[in-house]
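Here's the structure, in structure tokens; my notes come after.
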Amino acid sequence: MRSKTFCGLLLAGAALFTPFNLAAQEAQADASVLALGEVPRGQLSDIAMPQAYRLDTYFDPSSDSFRGHTEIDVTLARPTSFLDLHGRGLVVTRAVASIDGKDYVGAWTDTDPTGVARLVFDEELPAGKATLSFDYSGGIATNPAGLFRAQVGGQWYGWSQFESTDARAAFPSFDQPGFKTPFTVTIRTRPGEVAVSNAPEVSNTLEDGWQVHRFAPTLPLPTYLVAMMAGPFAVVEGMVPPTPQRPDPLPLRIVSEQTNKDKLAFALENSKPIVALLEDYFGQAFPYPKLDQITSPLMPGAMENAGADLYNDAIIVLDENAPVGQKGLFGMVVSHELAHQWFGDLVTPVWWDDIWLNESFANWMGFTIGGAWRPDLGIGDGALGEGFQAMSTDELLAGRPIHEPIPTNDRIDAAFDGITYGKGGHVVSMIAAFMGPEKFRDGVRRYMAAHRYGNATSTDFFAAMAEAAGDPRITQAMQSFTDQQGVPLVTVTGSNGRYTVSQSRYAPIGVTASDTQWGVPVCMRHGEDRKCELLAGKSASFELGGSGALMPNAGGTGYYRFDLPATEWDRLIAIADTLEGPEAIALADSLDASFRAGHASPAQLLALAVELAKNPDSNAAGTAFSALGSMRRSGVMDADARAAYRVWVGKLAQEDFARLGLDPRLGAYAGVDPEIIQQRERVVGNLMLARDPAVVQPLTDAAQAFLAGDAEALDPAFMGEAFEALIDTGGLEAAKALADKALASDDPLFRPTALRAITGSGDETIARWVLDGFDDERLRPSERVSTKLGIVATPETRELGYDWLVTHLEELMSGSSGIFLARRVPSVAGGFCSVDRADDLAERFRPVLAGTPGALSLERTIERVRNCAALKSARGAELSAALKSL
């Protein structure tokens with residue numbers, strides 16, 4: 001699953017979360033039912049083992065409810081009078097266990113708000129084989145949790161999103177990943193509509209006014225990978241040609257809303273080579289008989305349902321005129337989700353504590369295979385970029401390791417965060433680089449072969465890696481990163497090829513970190529001379545030939561930060577314009593970390609920004625102002641310094657702009673090297689920060705022409721900046737007009753980009769209108785929330801948005817279920833920079849978020865705000881002075 005917001009293209013925060021109220025739930029359950037045994041809050045007992053499911057669902061997305069019939073073949077390990085299983089929000093009208101021709105009637109009782117139910121029978125069930133049958137109904141959500149729906153272009157569409165624990169909202173089940181069985185699915189839709197599930201459709205008939213779609217039995221799946229889609233979808237079909245691993249063509253379809261029907265060919269054609277690249281890597285054929293790629297405007301990321309992946313529209317709906325960033329998004333996310341077809345679907349974790357293995361590996365594969373698909377788009381370095389971003393979370397004391405026990409259901413969703421995706425993907429990349437790509441791939445293949453169509457654990461994966469590497473230290477090194485929280489800091493001393501490297505846990509100013517030790521694969525480079533050593537102790541000597549500046553994280557693959565003597569920093573900064581992307585990202589992150597720890601100087605930060613801005617690699621140049629920009633937005637620098645910073649960034653961009661120019665019309669740069677295209681986009685963004693008339697006026701004109709009906713006037717690559725310029729020039733009236741155009745459109749790129757420009761304008765008048773007056777009935781539920789939270793996340797309107805958030809917090813948190821909003825609500829307040837605000841966050845938010853996946857996010861936010869205050873107090877004045885002296 002890919003639940004993050006990508007490349008600024010998606011409107012985040014698409015789902016809401018229901019806080020758990022266990023006492024209220026249990027009060028409704030009959031005391032005699034609860035007295036039968038302890039209610040399982042996490043994994044179910046082994047008394048019932050599901051063997052196969054038959055699902056029959058009436059799915060009409062124009063309705064807010066559905067009904068269904070489910071049969072589950074189970075094996076009972078011992079006699080019992082009750083069974084614990086899963087269901088949430090279901091009205092179960094009939095529950096029967098059939099054993100050897102005899103029916104045992106069951107009574108259904110909800111026992112836990114996470115979706116645990118108890119089925120009590122009128123007499124004891126004998127051990128052995130049984131079939132459980134259920135008739136039930138439930139609600140169709142308006143956010144991606146369980147079965148959900150949206151109206152697009154005047155027509156209703158429905159989808160399923162079951163990871164992590166939302167299959168139980170669609171059918172009674174044993175809803176945990178360790179249970180893998182075949183599913184035989186029937187979906188009943190309105191006449192003439194399309195239905196999609198995991199397996200090929202084997203019949204399609206009209207019965208009693210319903211279109212009945214019957215699908216072949218699936219290969220073994222856990223409940224969270226089952227797919228159920230229904231609606232008047234547009235469908236384009238093709239075949240993935242045979243490969244050495246697969247002698248027959250693979251049926252491939254792209255399935256989307258009718259409004260997107262003219263922009264599906266790109267996804268159809270470009271999914272084919274990605275499948276072939278993955279088959280080559282895994283050394284085996286695609287593991288399922290067909291592949292459907294489905295889109296939804298409500299899905300905030302993507303989901304790897306076996307043979308039926310689901311994506312946000314903006315990931316899949318594009319054409320050759322799409323921005324480079326959107327094409328890169330397609331390549332990365334499609335590669336990620338299709339890698340899951342093997343790693344996660346074919347081989348599935350036993351329990352959610354090992355979900356990191358699914359997501360971390362797929363994250364690395366997404367960037368690796370995406371980079372192989374289109375090397376010109378610069379996708380490959382993104383995994384490391386996400387890893388360094390994750391360090392800003394991993395450095396906090398409030399956190400978690402990648403791999404940790406998950407004893408209860410209410411802690412499952414917290415595992416889907418930047419630590420799992422960013423840190424995990426970077427750690428996988430580090431181990432792969434240390435082992436060598438061939439040995440690492442061999443370890444992956446061993447792991448896949450040993451657990452095909454079954455379940456496995458992290459221990460199994462580590463064992464396969466150690467065997468392939470021929471080095472048991474690999475297991476210890478990997479586990480030190482997966483089982484421990486924190487970012488290693490590698491401090492380098494010495495000179496002339498003879499160095500001492502020592503490790504500690506990184507901590508910013510004002511923080512005392514625990515004494516943690518890792519098995520760190522340290523790779524250093526001196527000119528062309530490179531060497532890697534496993535730093536297993538506190539310190540070690542390190543001899544390295546070569547000459548010039550020392551790069552302590554060669555290739556950028558190491559998940560660690562480094563610190564250097566001032567003279568070594570200066571040598572490295574001086575060559576930053578020549579570094580490749582991964583090393584440049586590592587340098588930018590480590591120098592920022594050194595400054596925030598009280599070591600590196602403001603002058604060094606400014607010098608690095610100047611050098612990186614000249615780097616021809618888009619990934620490298622993209623990091624030039626990351627650290628300084630973050631400190632500007634949070635308020636570490638004073639108001640005059642913030643103004644000076646904007647002017648300085650604009651001046652640095654002017655020389656490149658003179659060379660690159662700007663023509664915002666669609667296709668003006670068709671056929672141009674993607675690297676040059678991304679350089680231009682970055683320069684335009686920097687000039688917009690400085691409000692340079694050279695870009696403000698042409699972008700405003702282009703936006704006005706585009707909104708007036710000239711579809712060729714504005715390339716999507718410049719949409720965000722153009723709408724920003726339009727609103728900056730036209731104020732509230734321009735924002736209202738843009739909102740009206742956006743809500744009249746279902747375009748998956750234009751609509752969210754326009755709404756994001758409005759909420760991020762920084763204009764207080766516009767912000768007040770968004771908070772108090774922007775209540776258009778065309779807003780989707782997810783958009784109603786995201787537009788408000790966007791005000792909180794914007795520095796200029798942060799205080800205004802925070803007041804609104806505090807007033808509406810309990811209302812927000814009482815919405816429908818999902819895994820995203822509970823974490824996002826506190827994180828949008830993470831841009832504050834004062835102890836008083838940290839205290840206020842703790843007082844107001846802790847009682848509301850206790851027991852939800854947002855609890856950890858809140859503690860991280862509180863700590864970030866405190867750390868920012870400490871940094872501002874210690875170094876804000878000297879940073880501000882350096883900027884104002886430019």
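Identifiers for the structure tokens are assigned positionally: chains receive A, B, ... in sequence, residues are indexed from 1 per chain, and ligands are indexed from 1 in the order shown.
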To test your reading of the structure, identify every residue in region 131-268 of chain A that backbone DSSP assigns to alpha helix (DSSP H), and report it as a list in words. Ala265, Phe266, Ala267 and Leu268 of chain A
Once you have the residues from the selection above, write them out as an mmCIF file, in the first residue's frame, restricted to N, CA and C atoms.
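Final file, out-v5.cif:
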data_model
loop_
_atom_site.group_PDB
_atom_site.id
_atom_site.type_symbol
_atom_site.label_atom_id
_atom_site.label_comp_id
_atom_site.auth_asym_id
_atom_site.auth_seq_id
_atom_site.Cartn_x
_atom_site.Cartn_y
_atom_site.Cartn_z
ATOM 1 N N ALA A 265 -4.505 5.375 -22.117
ATOM 2 C CA ALA A 265 -3.593 4.630 -22.990
ATOM 3 C C ALA A 265 -2.164 4.640 -22.450
ATOM 4 N N PHE A 266 -1.733 5.747 -21.862
ATOM 5 C CA PHE A 266 -0.367 5.814 -21.327
ATOM 6 C C PHE A 266 -0.161 4.739 -20.273
ATOM 7 N N ALA A 267 -1.116 4.630 -19.348
ATOM 8 C CA ALA A 267 -0.988 3.628 -18.281
ATOM 9 C C ALA A 267 -1.013 2.218 -18.852
ATOM 10 N N LEU A 268 -1.854 1.987 -19.837
ATOM 11 C CA LEU A 268 -1.943 0.652 -20.430
ATOM 12 C C LEU A 268 -0.601 0.248 -21.044
#
Which residues come within 9 Å of Trp769 (chain A), counting only C-alpha atoms, excluding same-chain residues fewer than 5 positions away, as a list in words?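 Those residues are Leu732, Glu764 and Phe774 of chain A.
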Return as a tab-separated table the residues of region 618-657 of chain A lying at most 10 Å from region 575-594 of chain A, together with the closest atom-to-atom pair for each and the distance in Å to one decimal, counting only C-alpha atoms, with rows in chain order and ascending residue number.
residue	atom	partner	partner_atom	distance
A:Ser618	CA	A:Gly581	CA	7.4
A:Asn619	CA	A:Gly581	CA	5.0
A:Ala620	CA	A:Gly581	CA	4.4
A:Ala621	CA	A:Gly581	CA	8.1
A:Gly622	CA	A:Ile585	CA	8.7
A:Thr623	CA	A:Ile585	CA	6.3
A:Ala624	CA	A:Ala588	CA	7.4
A:Phe625	CA	A:Ala588	CA	9.0
A:Ser626	CA	A:Ala588	CA	8.0
A:Ala627	CA	A:Asp592	CA	6.0
A:Leu628	CA	A:Asp592	CA	8.5
Run DSSP on the backbone and give me the residues of region 346-530 of chain A it puts in strand (DSSP E or B), as an MDAnalysis selection string. chainID A and resid 347:349 454:456 488:495 498:505 520:526 529:530
The selected residues should be written to file as a short mmCIF file (atom, residue, chain, number, x, y, z; two decimals), in the first residue's frame (atoms: C-alpha atoms).
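The new file result.cif reads:
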data_model
loop_
_atom_site.label_atom_id
_atom_site.label_comp_id
_atom_site.auth_asym_id
_atom_site.auth_seq_id
_atom_site.Cartn_x
_atom_site.Cartn_y
_atom_site.Cartn_z
CA VAL A 347 4.24 -14.02 0.17
CA THR A 348 2.32 -12.34 2.98
CA PRO A 349 3.29 -11.46 6.57
CA GLY A 454 2.04 -18.60 1.92
CA ASN A 455 3.10 -16.50 4.89
CA ALA A 456 6.49 -15.54 6.28
CA PRO A 488 22.96 6.78 13.61
CA LEU A 489 25.45 9.66 13.57
CA VAL A 490 28.85 8.70 12.14
CA THR A 491 31.47 11.18 13.30
CA VAL A 492 34.67 11.23 11.24
CA THR A 493 38.03 12.49 12.51
CA GLY A 494 41.54 12.27 11.05
CA SER A 495 43.06 13.19 7.70
CA ARG A 498 43.67 7.65 7.99
CA TYR A 499 40.41 8.20 9.82
CA THR A 500 38.53 7.20 12.92
CA VAL A 501 34.79 6.73 12.62
CA SER A 502 32.59 6.59 15.71
CA GLN A 503 28.85 6.13 16.07
CA SER A 504 26.21 7.60 18.36
CA ARG A 505 22.51 8.36 18.17
CA VAL A 520 26.38 0.41 10.34
CA PRO A 521 27.60 -0.39 6.81
CA VAL A 522 29.81 2.70 6.41
CA CYS A 523 30.88 3.47 2.86
CA MET A 524 33.29 6.39 2.34
CA ARG A 525 34.74 7.90 -0.81
CA HIS A 526 37.89 9.96 -1.32
CA ASP A 529 38.68 5.60 -4.08
CA ARG A 530 35.78 3.98 -2.23
#
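Of note, CA of Ile47 (chain A) and CA of Thr80 (chain A) are spaced 8.3 Å apart.
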Using only C-alpha atoms, which protein or nucleic acid residues come within 10 Å of Leu883 (chain A)? Drop anything in the same chain fewer than 3 positions from it, and give the result as an NGL selection string. :A and (602-603 or 606 or 637-638 or 640-646 or 648 or 878-880 or 886)
With a distance cut-off of 12 Å and only C-alpha atoms, select the neighbouring residues of Ala855 (chain A), excluding the residue or stretch itself and same-chain residues fewer than 3 positions from it, and output the selection as a list in words.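 In the requested format, the answer is Pro19, Ala398, Gly399, Asp410, Arg411, Asp413, Ala414, Leu821, Ala822, Arg823, Arg824, Val825, Pro826, Ser827, Leu841, Ala842, Phe845, Arg846, Pro847, Val848, Leu849, Ala850, Gly851, Thr852, Leu858, Glu859, Arg860, Thr861 and Ile862 of chain A.
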In Å, how far is it from CA of His426 (chain A) to CA of Thr482 (chain A)?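 A separation of 11.0 Å between them.
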Near-Val636 (chain A) list (6 Å; only C-alpha atoms; drop same-chain fewer than 3 positions) as a VMD selection string: chain A and resid 631 872 876
Residue nearest Ala306 (chain A) among A:Asn198, A:Thr368, A:Thr142, A:Thr787 (counting only C-alpha atoms):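 Checking each of A:Asn198, A:Thr368, A:Thr142, A:Thr787 against Ala306 (chain A), counting only C-alpha atoms, the winner is A:Asn198.
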